[in-house]
Amino acid sequence: MILKDLVKEVSIEEVKKRLLVLYPTVKTSLPGYEKVYKLLLKKRARKSTTIINVEWIEDEDSDSGGYWDVHGKEPNDDTRYALDLSTFSMWLGFTIGPEILTRKDKVSLFCHILWEMTFHGFSDKEVYKMIRTINRSLKEIKEGKGEFKEFKMEDFE
């Protein structure tokens with residue numbers, strides 16, 4: 001199953017309700033998530049070999065004791081890849097790891113993925129903006145014109 005198939009199997013009403021349970025701070029962002037959901041229904045999936053994995057990571061410093069990590073893997077490779085700078089068409093073509101579907105209900109699974117895929121915004125344009133910012137900084141560093149700068153989320157809000 002690819003993410004595009006999963007999107008078709010969940011309703012936005014279920015997703016909004018579950019998002020509020022899983023990520024209570026998103027209440028004001030629900031219109032953005034609904035916009036992305038509708039966009040995903042219309043967009044065409046881009047073929048990919050990437051497999052989405054969702055894994056609970058224990059973190060004693062967190063109030064909840066941990067967090068859900070959404071990352072990508074390639075067949076026959078144990079490397080974990082960040083997917084947050086992927087376009088929405090790319091996301092739609094990623095395969096959902098079959099073992100995940102047996103461990104998580106589809107609505108919760110989609111909510112965790114949606115949370116990750118919108119980390120840099122609710123459009124491909126916002127994702128591209130982040131990519132350009134990173135590339136510009138890398139170019140400046142390579143040319144000796146810039147210094148390493150630690151990015152903070154508020155720099156992009």
# chains A, B, ... in the order shown; residues from 1 in each chain; ligands from 1

call {"tool": "select_by_dssp", "arguments": {"residues": "chain A", "states": "strand (DSSP E)", "output": "ChimeraX atom specification"}}
result
/A:51-58,66-73,95-96

call {"tool": "write_last_selection", "arguments": {"atoms": "N, CA and C atoms", "output": "PDB file, in the first residue's frame"}}
result
ATOM      1  N   ILE A  51      10.189   3.366   1.728  1.00  0.00           N
ATOM      2  CA  ILE A  51       9.204   2.759   2.622  1.00  0.00           C
ATOM      3  C   ILE A  51       9.091   3.646   3.857  1.00  0.00           C
ATOM      4  N   ILE A  52       7.854   4.032   4.204  1.00  0.00           N
ATOM      5  CA  ILE A  52       7.629   4.826   5.414  1.00  0.00           C
ATOM      6  C   ILE A  52       7.590   3.894   6.616  1.00  0.00           C
ATOM      7  N   ASN A  53       8.335   4.266   7.645  1.00  0.00           N
ATOM      8  CA  ASN A  53       8.306   3.528   8.893  1.00  0.00           C
ATOM      9  C   ASN A  53       7.910   4.500  10.002  1.00  0.00           C
ATOM     10  N   VAL A  54       7.107   4.049  10.929  1.00  0.00           N
ATOM     11  CA  VAL A  54       6.685   4.851  12.076  1.00  0.00           C
ATOM     12  C   VAL A  54       7.056   4.058  13.320  1.00  0.00           C
ATOM     13  N   GLU A  55       7.836   4.680  14.169  1.00  0.00           N
ATOM     14  CA  GLU A  55       8.381   3.955  15.313  1.00  0.00           C
ATOM     15  C   GLU A  55       8.324   4.820  16.572  1.00  0.00           C
ATOM     16  N   TRP A  56       7.942   4.228  17.692  1.00  0.00           N
ATOM     17  CA  TRP A  56       7.927   4.924  18.967  1.00  0.00           C
ATOM     18  C   TRP A  56       9.357   5.012  19.495  1.00  0.00           C
ATOM     19  N   ILE A  57       9.785   6.220  19.827  1.00  0.00           N
ATOM     20  CA  ILE A  57      11.123   6.453  20.374  1.00  0.00           C
ATOM     21  C   ILE A  57      10.951   6.906  21.817  1.00  0.00           C
ATOM     22  N   GLU A  58      11.503   6.153  22.738  1.00  0.00           N
ATOM     23  CA  GLU A  58      11.408   6.524  24.145  1.00  0.00           C
ATOM     24  C   GLU A  58      12.335   7.699  24.413  1.00  0.00           C
ATOM     25  N   GLY A  66       8.108   9.895  25.265  1.00  0.00           N
ATOM     26  CA  GLY A  66       8.654   9.572  23.953  1.00  0.00           C
ATOM     27  C   GLY A  66       7.866  10.254  22.847  1.00  0.00           C
ATOM     28  N   TYR A  67       8.138   9.834  21.622  1.00  0.00           N
ATOM     29  CA  TYR A  67       7.466  10.426  20.469  1.00  0.00           C
ATOM     30  C   TYR A  67       7.447   9.430  19.312  1.00  0.00           C
ATOM     31  N   TRP A  68       6.566   9.686  18.353  1.00  0.00           N
ATOM     32  CA  TRP A  68       6.484   8.855  17.161  1.00  0.00           C
ATOM     33  C   TRP A  68       7.422   9.418  16.104  1.00  0.00           C
ATOM     34  N   ASP A  69       8.340   8.603  15.658  1.00  0.00           N
ATOM     35  CA  ASP A  69       9.309   8.997  14.634  1.00  0.00           C
ATOM     36  C   ASP A  69       8.874   8.433  13.287  1.00  0.00           C
ATOM     37  N   VAL A  70       8.652   9.322  12.330  1.00  0.00           N
ATOM     38  CA  VAL A  70       8.307   8.917  10.969  1.00  0.00           C
ATOM     39  C   VAL A  70       9.554   9.110  10.124  1.00  0.00           C
ATOM     40  N   HIS A  71      10.007   8.041   9.510  1.00  0.00           N
ATOM     41  CA  HIS A  71      11.213   8.124   8.690  1.00  0.00           C
ATOM     42  C   HIS A  71      11.091   7.170   7.505  1.00  0.00           C
ATOM     43  N   GLY A  72      12.023   7.316   6.587  1.00  0.00           N
ATOM     44  CA  GLY A  72      12.021   6.465   5.407  1.00  0.00           C
ATOM     45  C   GLY A  72      13.142   5.456   5.434  1.00  0.00           C
ATOM     46  N   LYS A  73      12.917   4.377   4.713  1.00  0.00           N
ATOM     47  CA  LYS A  73      13.939   3.342   4.529  1.00  0.00           C
ATOM     48  C   LYS A  73      13.888   2.927   3.071  1.00  0.00           C
ATOM     49  N   THR A  95       5.800   3.793   0.056  1.00  0.00           N
ATOM     50  CA  THR A  95       5.088   2.595   0.512  1.00  0.00           C
ATOM     51  C   THR A  95       4.955   2.637   2.030  1.00  0.00           C
ATOM     52  N   ILE A  96       3.805   2.228   2.510  1.00  0.00           N
ATOM     53  CA  ILE A  96       3.606   2.089   3.958  1.00  0.00           C
ATOM     54  C   ILE A  96       4.143   0.714   4.340  1.00  0.00           C
TER      55      ILE A  96
END

call {"tool": "closest_atom_pairs", "arguments": {"of": "segment 70-134 of chain A", "to": "segment 41-47 of chain A", "cutoff": "7 Å", "atoms": "only C-alpha atoms", "output": "JSON lines"}}
result
{"residue": "A:Ser89", "atom": "CA", "partner": "A:Ala45", "partner_atom": "CA", "distance": 5.0}
{"residue": "A:Met90", "atom": "CA", "partner": "A:Arg46", "partner_atom": "CA", "distance": 5.2}
{"residue": "A:Leu92", "atom": "CA", "partner": "A:Ala45", "partner_atom": "CA", "distance": 4.7}
{"residue": "A:Gly93", "atom": "CA", "partner": "A:Ala45", "partner_atom": "CA", "distance": 4.6}

call {"tool": "write_last_selection", "arguments": {"atoms": "C-alpha atoms", "output": "mmCIF file, in the first residue's frame"}}
result
data_model
loop_
_atom_site.group_PDB
_atom_site.id
_atom_site.type_symbol
_atom_site.label_atom_id
_atom_site.label_comp_id
_atom_site.auth_asym_id
_atom_site.auth_seq_id
_atom_site.Cartn_x
_atom_site.Cartn_y
_atom_site.Cartn_z
ATOM 1 C CA SER A 89 3.751 13.930 -4.609
ATOM 2 C CA MET A 90 6.825 12.081 -3.377
ATOM 3 C CA LEU A 92 2.103 9.896 -1.876
ATOM 4 C CA GLY A 93 4.311 7.374 -3.696
#

call {"tool": "closest_residue", "arguments": {"among": "A:Thr28, A:Phe88, A:Lys129, A:Ile100", "to": "Met117 of chain A", "atoms": "only C-alpha atoms"}}
result
A:Phe88

call {"tool": "atom_distance", "arguments": {"atom1": "atom CA of Ser11 of chain A", "atom2": "atom CA of Glu116 of chain A"}}
result
18.4 Å

call {"tool": "residues_around", "arguments": {"residues": "Arg18 of chain A", "least_positions_apart": "5", "cutoff": "12 Å", "atoms": "only C-alpha atoms", "output": "list in words"}}
result
Val10, Ser11, Ile12, Glu13, Tyr23, Pro24, Val26, Lys27, Leu30, Tyr33, Asp105, Lys106, Val107, Ser108, Leu109, Phe110, Cys111, His112, Leu114 and Trp115 of chain A

call {"tool": "write_last_selection", "arguments": {"atoms": "C-alpha atoms", "output": "JSON list (two decimals), in the first residue's frame"}}
result
[["chain", "number", "residue", "atom", "x", "y", "z"],
["A", 10, "VAL", "CA", -9.44, 7.76, 5.96],
["A", 11, "SER", "CA", -11.86, 10.65, 6.28],
["A", 12, "ILE", "CA", -10.81, 14.17, 7.12],
["A", 13, "GLU", "CA", -13.29, 14.28, 10.00],
["A", 23, "TYR", "CA", -1.15, 16.46, 18.88],
["A", 24, "PRO", "CA", -3.37, 18.73, 21.05],
["A", 26, "VAL", "CA", -2.66, 21.67, 16.41],
["A", 27, "LYS", "CA", -6.15, 23.02, 17.06],
["A", 30, "LEU", "CA", -6.68, 22.16, 11.55],
["A", 33, "TYR", "CA", -4.27, 19.96, 7.67],
["A", 105, "ASP", "CA", -4.91, 1.88, 13.10],
["A", 106, "LYS", "CA", -5.03, 3.66, 9.75],
["A", 107, "VAL", "CA", -6.25, 7.01, 11.07],
["A", 108, "SER", "CA", -3.50, 7.28, 13.72],
["A", 109, "LEU", "CA", -0.92, 6.13, 11.21],
["A", 110, "PHE", "CA", -2.00, 8.77, 8.71],
["A", 111, "CYS", "CA", -2.01, 11.46, 11.43],
["A", 112, "HIS", "CA", 1.61, 10.73, 12.37],
["A", 114, "LEU", "CA", 0.64, 14.00, 8.05],
["A", 115, "TRP", "CA", 2.29, 15.66, 11.05]]

call {"tool": "closest_residue", "arguments": {"among": "A:Ile141, A:Ile113, A:Leu83, A:Ile134", "to": "Lys4 of chain A", "atoms": "only C-alpha atoms"}}
result
A:Ile113

call {"tool": "atom_distance", "arguments": {"atom1": "atom CA of Lys142 of chain A", "atom2": "atom CA of Leu85 of chain A"}}
result
21.5 Å

call {"tool": "residues_around", "arguments": {"residues": "Gly32 of chain A", "least_positions_apart": "2", "cutoff": "10 Å", "atoms": "only C-alpha atoms", "output": "list in words"}}
result
Val26, Thr28, Ser29, Leu30, Glu34, Lys35, Val36, Tyr37, Thr118, Gly121, Phe122 and Ser123 of chain A

call {"tool": "select_by_dssp", "arguments": {"residues": "segment 5-118 of chain A", "states": "helix (DSSP H, G or I)", "output": "PyMOL selection string"}}
result
chain A and resi 5-9+12-22+24-42+88-93+98-103+106-117

call {"tool": "closest_residue", "arguments": {"among": "A:Asp84, A:Pro31, A:Arg136, A:Thr49", "to": "Lys16 of chain A", "atoms": "only C-alpha atoms"}}
result
A:Pro31
